[in-house]
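Enquirer: Contents are mmCIF, C-alpha atoms; chains and numbers go by the auth columns; file name final-v9.cif:
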data_start
#
loop_
_atom_site.group_PDB
_atom_site.id
_atom_site.type_symbol
_atom_site.label_atom_id
_atom_site.label_comp_id
_atom_site.label_asym_id
_atom_site.label_seq_id
_atom_site.Cartn_x
_atom_site.Cartn_y
_atom_site.Cartn_z
_atom_site.B_iso_or_equiv
_atom_site.auth_seq_id
_atom_site.auth_asym_id
ATOM 1 C CA MET A 1 41.199 -120.777 -17.018 0.00 1 A
ATOM 2 C CA THR A 2 40.077 -117.356 -18.219 0.00 2 A
ATOM 3 C CA ASP A 3 40.677 -114.437 -15.869 0.00 3 A
ATOM 4 C CA PHE A 4 37.760 -112.031 -15.388 0.00 4 A
ATOM 5 C CA GLY A 5 39.345 -110.258 -12.420 0.00 5 A
ATOM 6 C CA HIS A 6 38.946 -106.889 -14.102 0.00 6 A
ATOM 7 C CA LEU A 7 35.213 -107.085 -13.346 0.00 7 A
ATOM 8 C CA ASN A 8 35.925 -106.791 -9.613 0.00 8 A
ATOM 9 C CA SER A 9 36.456 -103.062 -10.109 0.00 9 A
ATOM 10 C CA TYR A 10 32.694 -102.723 -10.725 0.00 10 A
ATOM 11 C CA ASP A 11 31.754 -104.304 -7.422 0.00 11 A
ATOM 12 C CA ILE A 12 30.579 -102.105 -4.568 0.00 12 A
ATOM 13 C CA SER A 13 30.633 -102.754 -0.838 0.00 13 A
ATOM 14 C CA GLN A 14 29.547 -101.118 2.392 0.00 14 A
ATOM 15 C CA GLU A 15 32.885 -99.260 2.327 0.00 15 A
ATOM 16 C CA SER A 16 32.109 -97.675 -1.063 0.00 16 A
ATOM 17 C CA THR A 17 31.203 -94.002 -0.881 0.00 17 A
ATOM 18 C CA ALA A 18 29.923 -91.277 -3.159 0.00 18 A
ATOM 19 C CA GLU A 19 29.142 -87.601 -2.778 0.00 19 A
ATOM 20 C CA PHE A 20 25.562 -86.374 -3.032 0.00 20 A
ATOM 21 C CA THR A 21 25.359 -82.617 -3.556 0.00 21 A
ATOM 22 C CA LEU A 22 22.166 -81.015 -2.297 0.00 22 A
ATOM 23 C CA HIS A 23 21.745 -78.691 -5.292 0.00 23 A
ATOM 24 C CA MET A 24 18.189 -77.948 -4.222 0.00 24 A
ATOM 25 C CA ILE A 25 19.383 -76.154 -1.068 0.00 25 A
ATOM 26 C CA GLU A 26 20.293 -72.580 -1.947 0.00 26 A
ATOM 27 C CA GLN A 27 23.559 -72.083 -0.161 0.00 27 A
ATOM 28 C CA ASP A 28 27.082 -71.272 -1.306 0.00 28 A
ATOM 29 C CA PRO A 29 28.822 -73.658 -1.277 0.00 29 A
ATOM 30 C CA GLU A 30 26.106 -76.273 -1.564 0.00 30 A
ATOM 31 C CA PRO A 31 25.908 -78.958 1.139 0.00 31 A
ATOM 32 C CA VAL A 32 27.510 -82.272 0.180 0.00 32 A
ATOM 33 C CA LEU A 33 26.718 -85.569 1.880 0.00 33 A
ATOM 34 C CA ILE A 34 29.234 -88.417 1.805 0.00 34 A
ATOM 35 C CA VAL A 35 27.189 -91.574 1.576 0.00 35 A
ATOM 36 C CA ALA A 36 27.503 -95.335 1.402 0.00 36 A
ATOM 37 C CA PRO A 37 25.149 -97.487 -0.659 0.00 37 A
ATOM 38 C CA ALA A 38 21.643 -97.998 0.710 0.00 38 A
ATOM 39 C CA ASN A 39 21.201 -101.392 -0.855 0.00 39 A
ATOM 40 C CA ARG A 40 22.174 -105.024 -0.413 0.00 40 A
ATOM 41 C CA SER A 41 25.905 -104.293 -0.788 0.00 41 A
ATOM 42 C CA ASN A 42 25.751 -102.467 2.568 0.00 42 A
ATOM 43 C CA ARG A 43 24.939 -105.537 4.653 0.00 43 A
ATOM 44 C CA PRO A 44 24.506 -103.828 8.059 0.00 44 A
ATOM 45 C CA TYR A 45 22.042 -101.347 6.540 0.00 45 A
ATOM 46 C CA PHE A 46 20.223 -103.958 4.490 0.00 46 A
ATOM 47 C CA ASN A 47 19.882 -106.351 7.451 0.00 47 A
ATOM 48 C CA ALA A 48 18.599 -103.553 9.709 0.00 48 A
ATOM 49 C CA LEU A 49 16.141 -102.503 7.003 0.00 49 A
ATOM 50 C CA LEU A 50 14.864 -106.057 6.577 0.00 50 A
ATOM 51 C CA ASN A 51 14.537 -106.449 10.338 0.00 51 A
ATOM 52 C CA ARG A 52 12.604 -103.184 10.678 0.00 52 A
ATOM 53 C CA SER A 53 10.451 -103.976 7.626 0.00 53 A
ATOM 54 C CA LYS A 54 9.047 -107.206 9.061 0.00 54 A
ATOM 55 C CA LYS A 55 6.110 -105.387 10.590 0.00 55 A
ATOM 56 C CA TYR A 56 5.159 -104.000 7.154 0.00 56 A
ATOM 57 C CA ALA A 57 5.545 -107.287 5.267 0.00 57 A
ATOM 58 C CA ARG A 58 1.969 -108.460 5.805 0.00 58 A
ATOM 59 C CA ALA A 59 0.479 -105.181 4.561 0.00 59 A
ATOM 60 C CA LEU A 60 2.771 -105.165 1.518 0.00 60 A
ATOM 61 C CA ALA A 61 2.023 -108.804 0.676 0.00 61 A
ATOM 62 C CA ALA A 62 -1.695 -108.095 0.886 0.00 62 A
ATOM 63 C CA GLY A 63 -1.334 -105.058 -1.356 0.00 63 A
ATOM 64 C CA ASN A 64 -2.455 -102.716 1.430 0.00 64 A
ATOM 65 C CA ILE A 65 -0.139 -99.910 0.388 0.00 65 A
ATOM 66 C CA THR A 66 -1.271 -96.596 1.821 0.00 66 A
ATOM 67 C CA ALA A 67 0.229 -93.146 2.187 0.00 67 A
ATOM 68 C CA LYS A 68 0.726 -93.878 5.893 0.00 68 A
ATOM 69 C CA LEU A 69 2.633 -97.067 5.087 0.00 69 A
ATOM 70 C CA ALA A 70 4.847 -95.154 2.633 0.00 70 A
ATOM 71 C CA ASP A 71 5.484 -92.514 5.320 0.00 71 A
ATOM 72 C CA ASP A 72 6.333 -95.206 7.876 0.00 72 A
ATOM 73 C CA VAL A 73 8.787 -96.893 5.512 0.00 73 A
ATOM 74 C CA ARG A 74 10.429 -93.537 4.701 0.00 74 A
ATOM 75 C CA ASP A 75 10.782 -92.869 8.434 0.00 75 A
ATOM 76 C CA VAL A 76 12.554 -96.221 8.843 0.00 76 A
ATOM 77 C CA HIS A 77 15.043 -95.165 6.157 0.00 77 A
ATOM 78 C CA LYS A 78 15.520 -91.788 7.869 0.00 78 A
ATOM 79 C CA GLU A 79 16.259 -93.607 11.108 0.00 79 A
ATOM 80 C CA LEU A 80 18.771 -96.010 9.524 0.00 80 A
ATOM 81 C CA PHE A 81 20.663 -93.571 7.281 0.00 81 A
ATOM 82 C CA PRO A 82 22.608 -91.866 10.121 0.00 82 A
ATOM 83 C CA LYS A 83 23.728 -95.244 11.464 0.00 83 A
ATOM 84 C CA PHE A 84 24.619 -97.016 8.208 0.00 84 A
ATOM 85 C CA VAL A 85 24.592 -94.741 5.151 0.00 85 A
ATOM 86 C CA LEU A 86 25.801 -91.206 5.892 0.00 86 A
ATOM 87 C CA ARG A 87 29.553 -91.206 6.441 0.00 87 A
ATOM 88 C CA GLY A 88 30.267 -87.493 6.535 0.00 88 A
ATOM 89 C CA TRP A 89 29.407 -84.130 5.056 0.00 89 A
ATOM 90 C CA LYS A 90 30.750 -80.822 3.843 0.00 90 A
ATOM 91 C CA HIS A 91 29.199 -77.361 4.041 0.00 91 A
ATOM 92 C CA VAL A 92 26.209 -78.386 6.182 0.00 92 A
ATOM 93 C CA LYS A 93 25.119 -75.318 8.116 0.00 93 A
ATOM 94 C CA ASP A 94 22.599 -74.614 10.842 0.00 94 A
ATOM 95 C CA ALA A 95 19.893 -71.937 10.655 0.00 95 A
ATOM 96 C CA GLN A 96 22.397 -69.282 11.767 0.00 96 A
ATOM 97 C CA GLY A 97 24.840 -70.194 8.977 0.00 97 A
ATOM 98 C CA ASN A 98 27.350 -71.973 11.218 0.00 98 A
ATOM 99 C CA ASP A 99 29.109 -75.132 10.037 0.00 99 A
ATOM 100 C CA VAL A 100 27.719 -78.215 11.765 0.00 100 A
ATOM 101 C CA GLU A 101 30.059 -80.987 12.896 0.00 101 A
ATOM 102 C CA PHE A 102 29.188 -84.392 11.487 0.00 102 A
ATOM 103 C CA THR A 103 27.901 -86.609 14.299 0.00 103 A
ATOM 104 C CA GLU A 104 25.212 -89.256 14.319 0.00 104 A
ATOM 105 C CA ALA A 105 22.975 -86.998 16.439 0.00 105 A
ATOM 106 C CA HIS A 106 23.419 -84.021 14.085 0.00 106 A
ATOM 107 C CA CYS A 107 22.821 -86.319 11.143 0.00 107 A
ATOM 108 C CA GLU A 108 19.554 -87.551 12.659 0.00 108 A
ATOM 109 C CA GLN A 109 18.401 -83.955 13.231 0.00 109 A
ATOM 110 C CA PHE A 110 19.420 -82.927 9.714 0.00 110 A
ATOM 111 C CA LEU A 111 17.549 -85.796 8.038 0.00 111 A
ATOM 112 C CA GLN A 112 14.438 -85.172 10.138 0.00 112 A
ATOM 113 C CA ALA A 113 14.537 -81.507 9.073 0.00 113 A
ATOM 114 C CA LEU A 114 14.938 -82.303 5.367 0.00 114 A
ATOM 115 C CA PRO A 115 11.694 -82.105 3.416 0.00 115 A
ATOM 116 C CA ASP A 116 10.515 -85.583 2.453 0.00 116 A
ATOM 117 C CA TRP A 117 11.018 -84.972 -1.265 0.00 117 A
ATOM 118 C CA ILE A 118 14.682 -84.048 -0.740 0.00 118 A
ATOM 119 C CA PHE A 119 15.226 -87.110 1.440 0.00 119 A
ATOM 120 C CA GLY A 120 13.569 -89.147 -1.326 0.00 120 A
ATOM 121 C CA GLU A 121 16.149 -87.840 -3.816 0.00 121 A
ATOM 122 C CA LEU A 122 18.938 -88.793 -1.408 0.00 122 A
ATOM 123 C CA ARG A 123 17.510 -92.264 -0.804 0.00 123 A
ATOM 124 C CA ASP A 124 17.073 -92.852 -4.552 0.00 124 A
ATOM 125 C CA PHE A 125 20.703 -91.837 -5.166 0.00 125 A
ATOM 126 C CA CYS A 126 21.988 -94.139 -2.427 0.00 126 A
ATOM 127 C CA GLU A 127 19.966 -97.102 -3.688 0.00 127 A
ATOM 128 C CA GLN A 128 21.564 -96.958 -7.170 0.00 128 A
ATOM 129 C CA PRO A 129 24.737 -99.093 -7.357 0.00 129 A
ATOM 130 C CA LEU A 130 26.015 -97.198 -10.394 0.00 130 A
ATOM 131 C CA ASN A 131 26.512 -94.109 -8.207 0.00 131 A
ATOM 132 C CA PHE A 132 29.213 -96.010 -6.295 0.00 132 A
ATOM 133 C CA VAL A 133 31.102 -97.538 -9.207 0.00 133 A
ATOM 134 C CA GLU A 134 34.346 -95.905 -10.205 0.00 134 A
ATOM 135 C CA GLY A 135 35.711 -95.891 -13.721 0.00 135 A
ATOM 136 C CA PRO A 136 33.997 -95.565 -17.100 0.00 136 A
ATOM 137 C CA LEU A 137 30.580 -96.674 -15.840 0.00 137 A
ATOM 138 C CA ALA A 138 30.517 -93.756 -13.427 0.00 138 A
ATOM 139 C CA ASP A 139 30.366 -91.291 -16.367 0.00 139 A
ATOM 140 C CA PRO A 140 27.028 -91.555 -18.242 0.00 140 A
ATOM 141 C CA ASP A 141 28.535 -89.784 -21.271 0.00 141 A
ATOM 142 C CA GLU A 142 31.279 -92.405 -21.550 0.00 142 A
ATOM 143 C CA VAL A 143 28.741 -95.202 -21.184 0.00 143 A
ATOM 144 C CA SER A 144 26.552 -93.852 -24.008 0.00 144 A
ATOM 145 C CA GLU A 145 29.624 -93.326 -26.235 0.00 145 A
ATOM 146 C CA ASN A 146 30.615 -96.966 -25.773 0.00 146 A
ATOM 147 C CA LEU A 147 27.203 -98.468 -26.478 0.00 147 A
ATOM 148 C CA PRO A 148 26.860 -100.202 -29.821 0.00 148 A
ATOM 149 C CA SER A 149 24.788 -98.244 -32.308 0.00 149 A
ATOM 150 C CA SER A 150 21.624 -99.897 -33.452 0.00 150 A
ATOM 151 C CA SER A 151 20.810 -100.230 -37.087 0.00 151 A
ATOM 152 C CA GLY A 152 17.463 -98.686 -37.694 0.00 152 A
ATOM 153 C CA GLY A 153 16.297 -101.045 -40.437 0.00 153 A
ATOM 154 C CA SER A 154 12.646 -102.006 -40.214 0.00 154 A
#
Please express what this file holds, its structure, as structure tokens.

Expert:
Amino acid sequence: MTDFGHLNSYDISQESTAEFTLHMIEQDPEPVLIVAPANRSNRPYFNALLNRSKKYARALAAGNITAKLADDVRDVHKELFPKFVLRGWKHVKDAQGNDVEFTEAHCEQFLQALPDWIFGELRDFCEQPLNFVEGPLADPDEVSENLPSSSGGS
């Protein structure tokens, strides 16, 4: 039997973490969030998201997608991230410049204070499995160097 065990190193789980640097916040050093995946590999998050999304399923199935629905869905993510996705942080400061201890309550306040577009960047990062894979796939330059070149004959 052929062994493909080496592929296990590309799997991610709810214990996988990555760092998301908030480059868009002008602060030195920049805030860094330690996050888990916000996708199916994080079962507690995914199950909570599915449970909370039931009330939006009918509108989505009917194609009734509105700005309010998008806002409501984003708010569900903001509510679930402190419980299931954010695992810690570095260099997060309050308005007076004091370091803020990482707690679920502080995390909730921080995410509510983040502008929606910044939270969207965070959510997009956390939804991408590749951000949680270690090894050659984690470096986009290495991936592109290892892709086969295409012959441009037409």

Enquirer: Please indicate the distance in Å from atom CA of Phe84 of chain A to atom CA of Ala61 of chain A, rounded to one decimal place.

Expert: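 Going from atom CA of Phe84 of chain A over to atom CA of Ala61 of chain A covers 26.6 Å.
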
Enquirer: Please define a box with edges along x, y and z of the file around all atoms of segment 42-59 of chain A given in the file, extend it by 6 Å on each side, and return its centre and edge lengths in Å to one decimal, as lines of an AutoDock Vina configuration file.

Expert:
center_x = 13.1
center_y = -104.9
center_z = 6.6
size_x = 37.3
size_y = 19.1
size_z = 20.1

Enquirer: Can you pull out the residues contacting segment 37-44 of chain A? Cut-off 6 Å, using only C-alpha atoms, and skip same-chain residues under 2 positions away; I want them as a PyMOL selection string.

Expert: chain A and resi 13-14+46-47+126-127

Enquirer: Can you measure atom CA of Ala48 of chain A to atom CA of Ser9 of chain A for me? One decimal in Å is fine.

Expert: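 According to the coordinates, atom CA of Ala48 of chain A and atom CA of Ser9 of chain A are separated by 26.7 Å.
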
Enquirer: What gap, in Å, lies between atom CA of Leu111 of chain A and atom CA of Lys54 of chain A?

Expert: 23.1 Å

Enquirer: For a quick check of your reading of the model, name the residues lying within 6 Å of the coordinate (30.8, -83.3, -3.5), counting only C-alpha atoms, and write them as number ranges by chain.

Expert: A: 19, 21, 32

Enquirer: Could you check the closest approach to Asp99 of chain A for each of A:Arg74, A:Leu22, A:Asp11, A:Pro29 and tell me which residue wins, using all atoms listed in the file?

Expert: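 Among the listed residues, A:Pro29 lies closest to Asp99 of chain A.
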
Enquirer: Report as a PyMOL selection string all protein, DNA and RNA residues lying within 12 Å of Ala59 of chain A, evaluated on all atoms listed in the file, omitting residues in the same chain fewer than 5 positions from it.

Expert: chain A and resi 53-54+64-66+68-70+73

Enquirer: Between A:Glu108, A:Val133, A:Gln128, A:Gly97, single out the one closest to Ser16 of chain A, counting only C-alpha atoms.

Expert: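 The shortest atom-to-atom distance to Ser16 of chain A comes from A:Val133.
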